[in-house]
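For reference, the structure discussed in these notes is given below.
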Amino acid sequence: RQYGGQLLLILVLVEKCCLARAWSPHGHRFVNDMAQSLLKGKHRDQVRTMLHGDVATFDDWEQKTASSFPHTNILHWHRQTPEWSCSAGIGLQNQLHCDGKEATYDSILCVVGATFRKYAHDALLRAFPKSQDPLWPSEPSVNWMEVVRKYTKDSHFEEVFASKATELRWLVTLLGDMHQPLHWLREHDYGKEITVSYQGQEHTLLDFWEDVLPQHLTSGPTQTTLDSSYASHATKWSHVVPTELFRDWAREAAEVACKIYQGLEVNHGDGSRGIPKRVELSEAAFQG
């Protein structure tokens, strides 16, 4: 279990290295190949044992699982009560915790956090500084096995999370989805309500990020760049509790989501600004 933390750090680093954050099978394949290249020697073998396969082979695993179990769709998005807006910021009054309101227990942040804690080695976690603002307000008394069991039962995921390997595949997949900005803001139905016209074809904004952008990726960072970046990030992140890093990444992705929408705003005749339902994207804007 102790290598789950390393795999998690590697996958997130790959997200940071990629200019496009998109998560169709094309996007997952691009990212997973780089993650695979960062797993070295025995660590690659240990991760293969944990997942019952190599990271690089799971590019379409999410899509196949969703087709068989469509109710798992709720796991891929941030949800809270009330929903946040760019004017207010993610969470409630600048607070973001897994308390059922600031983040629902079966939304992406809390599922990733709970699954990571379930499988992370306690001795490994003791090496991190004590949390000053736990993701779960009731820490350290949280029973992580019970947290995962409860949302699994309440959402009828027993058949989906049928084994440890399956749960860890979900962890890998949702960790990737965490870094797709549109998964964090429910406004505009996570981008599904906005149409982007590009090169004579129309896509929802969400599909444009998840399907179109990955197909325009030609190459990623060099292996030397990846190795150097991982070493640098791993040193910095080793001083922060992993679940608090998840919250930091959530806030970063939420800020990017707002920048995406702000870039689509246009001036109206009455002096107000808003986002049209249909946006024309020129080649110059796409390349820029």
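Within each chain, counting starts at residue 1; across the structure tokens, chains are named A, B, ... in the order shown, with ligands numbered 1 upward in that order.
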
Requested in this report: Compile the contact shell of Ser138 in chain A as a count of residues only: residues with an atom at most 10 Å away, counting only C-alpha atoms, same-chain residues fewer than 4 positions apart removed.
Outcome: 5

Restrict the calculation to only C-alpha atoms, then for each residue of range 133-198 of chain A with any atom at most 8 Å from an atom of range 43-50 of chain A give the closest atom pair and their distance in Å to one decimal, rows by chain and rising residue number, as JSON lines.
```
{"residue": "A:Lys164", "atom": "CA", "partner": "A:Met50", "partner_atom": "CA", "distance": 7.9}
{"residue": "A:Ala165", "atom": "CA", "partner": "A:Met50", "partner_atom": "CA", "distance": 5.8}
{"residue": "A:Leu168", "atom": "CA", "partner": "A:Met50", "partner_atom": "CA", "distance": 7.5}
```

Hey, could you make a per-residue contact list for range 93-196 of chain A against range 269-286 of chain A with 8 Å as the cut-off, showing the nearest pair of atoms and its distance in Å to one decimal, counting only C-alpha atoms, sorted by chain and number, as a Markdown table?
```
| residue | atom | partner | partner_atom | distance |
| --- | --- | --- | --- | --- |
| A:Glu193 | CA | A:Lys277 | CA | 6.8 |
| A:Ile194 | CA | A:Lys277 | CA | 4.8 |
| A:Thr195 | CA | A:Arg278 | CA | 4.6 |
| A:Val196 | CA | A:Val279 | CA | 4.9 |
```

Query raised in the report: If we count only C-alpha atoms, what is near range 106-115 of chain A at a cut-off of 6 Å, once residues fewer than 4 positions away on the same chain are taken out, given as a list in words?
Result: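 Near neighbours after the sequence-gap exclusion: Leu75, His76, Trp77, His78, Arg79, Cys98, Leu171 and Thr243 of chain A.
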
Query - Test item: residues at most 12 Å from Lys259 in chain A, only C-alpha atoms, excluding those fewer than 6 positions along its chain, as a PyMOL selection string - result: chain A and resi 86-87+181-182+185+252-253+265

Against range 31-39 of chain A, which residues of range 59-81 of chain A fall within 12 Å? For each one I want the closest pair of atoms and the distance in Å (one decimal), counting only C-alpha atoms, rows by chain and increasing residue number, as a Markdown table.
```
| residue | atom | partner | partner_atom | distance |
| --- | --- | --- | --- | --- |
| A:Asp59 | CA | A:Asn32 | CA | 6.8 |
| A:Asp60 | CA | A:Asn32 | CA | 10.6 |
| A:Trp61 | CA | A:Asn32 | CA | 11.6 |
```

Query raised in the report: Could you name the residues that touch range 157-161 of chain A at 10 Å or less, counting only C-alpha atoms, but leaving out those on the same chain fewer than 3 positions away, as number ranges by chain?
Result: A: 65-66, 68-69, 71-72, 148-154, 164-170

Requested in this report: May I ask which of the residues A:Asn94, A:Thr104, A:Gln287, A:Thr57 is the closest one to Gln80 in chain A, counting only C-alpha atoms?
Outcome: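 Using only C-alpha atoms, Gln80 in chain A sits closest to A:Thr104.
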
Query raised in the report: Per DSSP on the backbone, what are the strand (DSSP E) residues of range 130-222 of chain A, as a list in words?
Result: Thr195, Val196, Ser197, Tyr198, Gln201, Glu202, His203 and Thr204 of chain A

Query raised in the report: Suppose you want the space between CA of Leu135 in chain A and CA of Leu226 in chain A; what is it in Å?
Result: 29.2 Å

Report task. Determine which residues of range 66-264 of chain A DSSP labels as alpha helix (DSSP H) from the backbone of this structure, then write them out as a VMD selection string. Result -> chain A and resid 66 to 68 108 to 119 122 to 125 144 to 154 164 to 178 205 to 207 213 to 215 223 to 237 242 to 262

Query raised in the report: CA of Ser141 in chain A and CA of Phe116 in chain A are how many Å apart?
Result: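 Here the two named atoms are 16.2 Å from each other.
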
Determine, for each residue of range 158-203 of chain A having at least one atom at most 12 Å from an atom of range 207-212 of chain A, the closest pair of atoms and their separation in Å to one decimal, counting only C-alpha atoms; order by chain and ascending number, as a tab-separated table.
```
residue	atom	partner	partner_atom	distance
A:Gly176	CA	A:Glu210	CA	11.7
A:Asp177	CA	A:Glu210	CA	10.1
A:His179	CA	A:Glu210	CA	11.6
A:Gln180	CA	A:Trp209	CA	8.3
A:Pro181	CA	A:Trp209	CA	9.4
A:Leu182	CA	A:Trp209	CA	8.4
A:His183	CA	A:Glu210	CA	10.7
A:Tyr190	CA	A:Asp207	CA	10.3
A:Gly191	CA	A:Asp207	CA	8.3
A:Lys192	CA	A:Asp207	CA	7.7
A:Glu193	CA	A:Asp207	CA	10.7
A:Ile194	CA	A:Asp207	CA	10.0
A:Thr195	CA	A:Phe208	CA	9.0
A:Val196	CA	A:Phe208	CA	7.2
A:Ser197	CA	A:Phe208	CA	9.4
A:Tyr198	CA	A:Phe208	CA	9.2
A:Gln199	CA	A:Val212	CA	11.1
A:Gln201	CA	A:Phe208	CA	10.4
A:Glu202	CA	A:Phe208	CA	8.8
A:His203	CA	A:Phe208	CA	5.8
```
